[in-house]
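See below for the structure under consideration.
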Amino acid sequence: MLSSLSLLHHLSRSPPLPTMSKVVSVPTKPFSGQKPGTSGLRKKVKVFQQEHYTENFIQAILTAMPGGSEGKTLVVGGDGRFYSPEVVQIIARLGAGNGIAHLIIGQDGILSTPAASALIRHHKTDGGILLTASHNPGGPDNDFGIKFNTANGGPAPEDVTNKIYKVTETIDSYKSVDLPDLDLSKVGEFTHGPLKVTIVDPVSNYIALLKSIFDFDLIRAWLHETSPKPSVLFDALNGVTGPYGRAIFVDELGLDESSIQNCVPKPDFGGFHPDPNLTYAHSLVEVVEAKNIDFGAASDGDGDRNMIYGKGAFVTPSDSVAIIADWAEKAIPYFKGGVKGLARSMPTSGAIDIVAKARGLEVFEVPTGWKFFGNLMDAGRLSICGEESFGTGSDHIREKDGVWAIVAWLSILAAANKERAGQGINDVLLAHYKKYGRSFFSRYDYEECESEGAEAMIEHLRKLFSSSDFAGQTLKATTSDTSFTVASADDFAYTDPIDGSVSTKQGLYIKFTDGSRIIFRLSGTGSSGATVRLYVEKYSRNEQEYADDAQVGLKPLIEVALAVSKLKEYTGRDKPDVIT
């Protein structure tokens, strides 16, 4: 009979159970079109459900991740959309097969994109795999997405996504371990075959981060000690931010349950299109208007976008980031030491540029895609940034952060009311316009256009812009005598001031002599077809215009854009699907 000591020695030398640790190489073949866009790979669920399809892409991530996968730690989670639980199990099996040492997984596979970025940074992991198609619809007939974030918590830069794509083009096998499904419902540390797995509460780390950034006491005082008390409504659109919204508005700020709605994450988002804009967040807009709610806010499927909307008061994303930047030092303790720099995506209005100039701050214009802000943040040159597509954030993480922006607006309103009682969203907006002028801005989205026609339209514009006589031409509106003279036109290119990398063909633009702009882009965030985005901007210092509807003031410019692009001719579309 073996002694206990010799038995322990014997067991320590015994090979692991083969069913739990044997790495198998599974033959496969490449699938076309697995090129990650600005926010990972997005396709219809049924595409990802094809045999080997998801495994191929996960293997490509593990092969291409900086430094390889052996011995690494990854954060895993997503917005809870349909097919997410199955993909978490695939990541565990392939992670084990590729030598991953440790997975940190959100309970039930749930992690908002900002919370995942925060966890990557908090635990200093080697990156993360996020399961989300962001604001796109969910469900068995809709969209799914996978993206890789690097060790800084931000979306993988182009050199990494290009390597991922290169692997998908030649892959002939993937490495996996045959593991049983992991119970994702239990928080704690577990051994799963050769893997260490930590399942975490998806909310607590993120809420602790927000409490270190904002003055929650200031917000509470405004919400509870003001007479009459301001009314509040947060709408998660049945996306991932529901539990986060409940933790903030109900648990931390002490508001009633009536202050939140649609706060249970659902695989199909309850039928919502979880995109916080005036078209798709109608569940918020209708209640705010019907009940005269002072402060309303919505977030998207994965929690990185936001919309601020009060009774008769809509804040455009371009104005939102400019106003947050202007108020940051006096309303948000995180910025008490000063703001390092500001930035916006190229299509976003120049409102934040005007704030930067007034405050003597650097301001950067980058291509669309949050990864372009990350280098600037890591270099200590950027604090606050935003995109016109309802994405706003700061250097507290390396993703845009919808809930952060919402709490930032609560902080601004609390600080504004401390200065002068009774101020609402429109008061803050008008005060900003009087100080800096107003940038009228709108975006038209033409979704799921035929790719061939959309690309032909872009080529038509490139050819037109490259002609030597286009600059200086006068373009006239179709229903009025208003005209605009072309100052310049080109395809936006960006040289990263930190690493020198160059990104070309990032959006076609026309700048007019009066400072107005028109921009055309094809979006890479959809799962099928092409989304044509048209952006128009006009700057005004005329106070009589500050309260005007943006669509009225921008009508001549929109007419010029539609005429010069021949959009209807190329796409067959009479009107946009979304106007913001």
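By order of appearance in the structure tokens: chains A, B, ..., then residues from 1 within every chain, and ligands from 1 in the order shown.
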Practice problem: Considering only C-alpha atoms, return as a PyMOL selection string whatever protein or nucleic-acid residues lie within 7 Å of His273 in chain A, sequence-local ones (same chain, fewer than 5 positions apart) excluded. | Solution: chain A and resi 136-137+280
Exercise. For range 417-422 of chain A, list every protein, DNA or RNA residue within 9 Å, evaluated using only C-alpha atoms, and leave out those in the same chain fewer than 4 positions away; present the list as a PyMOL selection string.
Key: chain A and resi 218+222+226-227+412-413+427
Practice problem: Quick one: everything within 8 Å of range 199-202 of chain A, counting only C-alpha atoms, minus sequence neighbours fewer than 6 positions away in the same chain. Send it as a ChimeraX atom specification. | Solution: /A:104-107,110-112,115,184,186-189
Using N, CA, C and O atoms, can you export the residues from the last selection as a PDB file, in the first residue's frame?
```pdb
ATOM      1  N   ILE A 104     -10.295  35.238 -18.117  1.00  0.00           N
ATOM      2  CA  ILE A 104     -11.156  35.983 -17.205  1.00  0.00           C
ATOM      3  C   ILE A 104     -12.444  36.268 -17.971  1.00  0.00           C
ATOM      4  O   ILE A 104     -12.434  37.011 -18.963  1.00  0.00           O
ATOM      5  N   ILE A 105     -13.536  35.657 -17.530  1.00  0.00           N
ATOM      6  CA  ILE A 105     -14.785  35.674 -18.295  1.00  0.00           C
ATOM      7  C   ILE A 105     -15.883  36.363 -17.494  1.00  0.00           C
ATOM      8  O   ILE A 105     -16.034  36.113 -16.294  1.00  0.00           O
ATOM      9  N   GLY A 106     -16.632  37.230 -18.135  1.00  0.00           N
ATOM     10  CA  GLY A 106     -17.779  37.850 -17.492  1.00  0.00           C
ATOM     11  C   GLY A 106     -18.846  36.806 -17.189  1.00  0.00           C
ATOM     12  O   GLY A 106     -19.091  35.905 -17.996  1.00  0.00           O
ATOM     13  N   GLN A 107     -19.486  36.910 -16.038  1.00  0.00           N
ATOM     14  CA  GLN A 107     -20.536  35.970 -15.657  1.00  0.00           C
ATOM     15  C   GLN A 107     -21.599  35.891 -16.751  1.00  0.00           C
ATOM     16  O   GLN A 107     -22.050  36.916 -17.278  1.00  0.00           O
ATOM     17  N   ILE A 110     -21.264  37.826 -20.093  1.00  0.00           N
ATOM     18  CA  ILE A 110     -21.658  39.232 -20.232  1.00  0.00           C
ATOM     19  C   ILE A 110     -20.506  40.157 -19.816  1.00  0.00           C
ATOM     20  O   ILE A 110     -19.939  40.029 -18.739  1.00  0.00           O
ATOM     21  N   LEU A 111     -20.160  41.079 -20.679  1.00  0.00           N
ATOM     22  CA  LEU A 111     -19.252  42.194 -20.363  1.00  0.00           C
ATOM     23  C   LEU A 111     -19.536  43.296 -21.366  1.00  0.00           C
ATOM     24  O   LEU A 111     -19.490  43.052 -22.588  1.00  0.00           O
ATOM     25  N   SER A 112     -19.816  44.498 -20.896  1.00  0.00           N
ATOM     26  CA  SER A 112     -19.901  45.605 -21.838  1.00  0.00           C
ATOM     27  C   SER A 112     -18.511  45.826 -22.429  1.00  0.00           C
ATOM     28  O   SER A 112     -17.494  45.466 -21.813  1.00  0.00           O
ATOM     29  N   ALA A 115     -16.432  47.835 -20.055  1.00  0.00           N
ATOM     30  CA  ALA A 115     -16.048  47.049 -18.882  1.00  0.00           C
ATOM     31  C   ALA A 115     -14.960  46.042 -19.226  1.00  0.00           C
ATOM     32  O   ALA A 115     -14.068  45.770 -18.403  1.00  0.00           O
ATOM     33  N   LEU A 184     -20.974  29.005 -16.960  1.00  0.00           N
ATOM     34  CA  LEU A 184     -20.658  30.435 -16.958  1.00  0.00           C
ATOM     35  C   LEU A 184     -21.447  31.216 -15.913  1.00  0.00           C
ATOM     36  O   LEU A 184     -21.229  32.421 -15.744  1.00  0.00           O
ATOM     37  N   LYS A 186     -21.540  30.729 -12.582  1.00  0.00           N
ATOM     38  CA  LYS A 186     -20.969  30.759 -11.237  1.00  0.00           C
ATOM     39  C   LYS A 186     -19.714  31.619 -11.190  1.00  0.00           C
ATOM     40  O   LYS A 186     -18.754  31.375 -11.917  1.00  0.00           O
ATOM     41  N   VAL A 187     -19.732  32.628 -10.320  1.00  0.00           N
ATOM     42  CA  VAL A 187     -18.568  33.490 -10.124  1.00  0.00           C
ATOM     43  C   VAL A 187     -17.538  32.746  -9.276  1.00  0.00           C
ATOM     44  O   VAL A 187     -17.883  32.071  -8.300  1.00  0.00           O
ATOM     45  N   GLY A 188     -16.265  32.848  -9.654  1.00  0.00           N
ATOM     46  CA  GLY A 188     -15.206  32.218  -8.872  1.00  0.00           C
ATOM     47  C   GLY A 188     -14.053  31.786  -9.758  1.00  0.00           C
ATOM     48  O   GLY A 188     -14.029  32.072 -10.959  1.00  0.00           O
ATOM     49  N   GLU A 189     -13.078  31.096  -9.154  1.00  0.00           N
ATOM     50  CA  GLU A 189     -11.919  30.585  -9.889  1.00  0.00           C
ATOM     51  C   GLU A 189     -12.069  29.090 -10.081  1.00  0.00           C
ATOM     52  O   GLU A 189     -12.429  28.364  -9.150  1.00  0.00           O
TER      53      GLU A 189
END
```
DSSP helix (DSSP H, G or I) selection over range 131-176 of chain A, as a PDB file with C-alpha atoms, in the first residue's frame:
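Output file result10.pdb follows:
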```
ATOM      1  CA  GLU A 158      -4.242  47.629 -38.202  1.00  0.00           C
ATOM      2  CA  ASP A 159      -0.927  45.750 -38.127  1.00  0.00           C
ATOM      3  CA  VAL A 160      -2.553  43.147 -35.841  1.00  0.00           C
ATOM      4  CA  THR A 161      -5.873  42.947 -37.724  1.00  0.00           C
ATOM      5  CA  ASN A 162      -3.933  42.575 -40.989  1.00  0.00           C
ATOM      6  CA  LYS A 163      -2.020  39.634 -39.478  1.00  0.00           C
ATOM      7  CA  ILE A 164      -5.304  38.080 -38.329  1.00  0.00           C
ATOM      8  CA  TYR A 165      -6.709  38.391 -41.832  1.00  0.00           C
ATOM      9  CA  LYS A 166      -3.546  36.934 -43.378  1.00  0.00           C
ATOM     10  CA  VAL A 167      -3.873  33.842 -41.156  1.00  0.00           C
ATOM     11  CA  THR A 168      -7.524  33.362 -42.165  1.00  0.00           C
ATOM     12  CA  GLU A 169      -6.500  33.294 -45.838  1.00  0.00           C
ATOM     13  CA  THR A 170      -4.157  30.306 -45.464  1.00  0.00           C
TER      14      THR A 170
END
```
Practice problem: Within range 32-244 of chain A, find each residue whose DSSP state, derived from the backbone, is strand (DSSP E), and express the selection as a ChimeraX atom specification. | Solution: /A:41-44,73-78,102-110,128-131,143-149,173-177,188-192,195-200,232-235
Self-check item: Separation of CA of Leu119 in chain A from CA of Phe373 in chain A, in Å and rounded to one decimal
Solution: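 Separation between CA of Leu119 in chain A and CA of Phe373 in chain A: 18.9 Å.
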Exercise. Take CA of Gly572 in chain A and CA of Ala454 in chain A and report the distance between them in Å, one decimal.
Key: 9.7 Å
Exercise. Find, counting only C-alpha atoms, the residue in A:Pro157, A:Ser442, A:Lys538, A:Glu388 that gets nearest to Gln551 in chain A.
Key: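 Answer, going by the shortest atom-to-atom distance: A:Ser442.
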Quiz item: If you count only C-alpha atoms, which residues fall within 12 Å of Asp395 in chain A, apart from same-chain ones fewer than 2 positions away, as number ranges by chain?
Solution: A: 114, 117-118, 121, 152-154, 213, 334-335, 339-343, 370, 373-386, 392-393, 397-401, 404
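The residue that comes closest to Pro243 in chain A, out of A:Ser204, A:Asn542, A:Ser259, A:Ser480 and on the basis of only C-alpha atoms, is A:Ser204.
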Exercise. Write out as a PyMOL selection string the residues lying within 12 Å of Met346 in chain A, counting only C-alpha atoms and excluding same-chain residues fewer than 6 positions away.
Key: chain A and resi 318+352-353+363-370+372-373+385-389+491-494+505-509+517-521+535-537
Quiz prompt | Residue with smallest distance to Ala405 in chain A - pool A:Ala356, A:Ile332, A:Val486, A:Leu131, counting only C-alpha atoms | solution = A:Ile332
Practice problem: Would you mind telling me which residue in A:Gly242, A:Gly301, A:Gly71, A:Pro230 lies nearest to Pro276 in chain A when using only C-alpha atoms? | Solution: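 Among the listed residues, the smallest separation from Pro276 in chain A belongs to A:Gly301.
Minimum atom-to-atom distances from A:Ser349, A:Ser231, A:Thr531, A:Ser176 to Glu289 in chain A were compared using only C-alpha atoms, and the lowest value belongs to A:Ser231.
Shortest atom-to-atom contact with Ser283 in chain A among A:Tyr309, A:Tyr244, A:Tyr446, A:Phe484: A:Tyr309, counting only C-alpha atoms.
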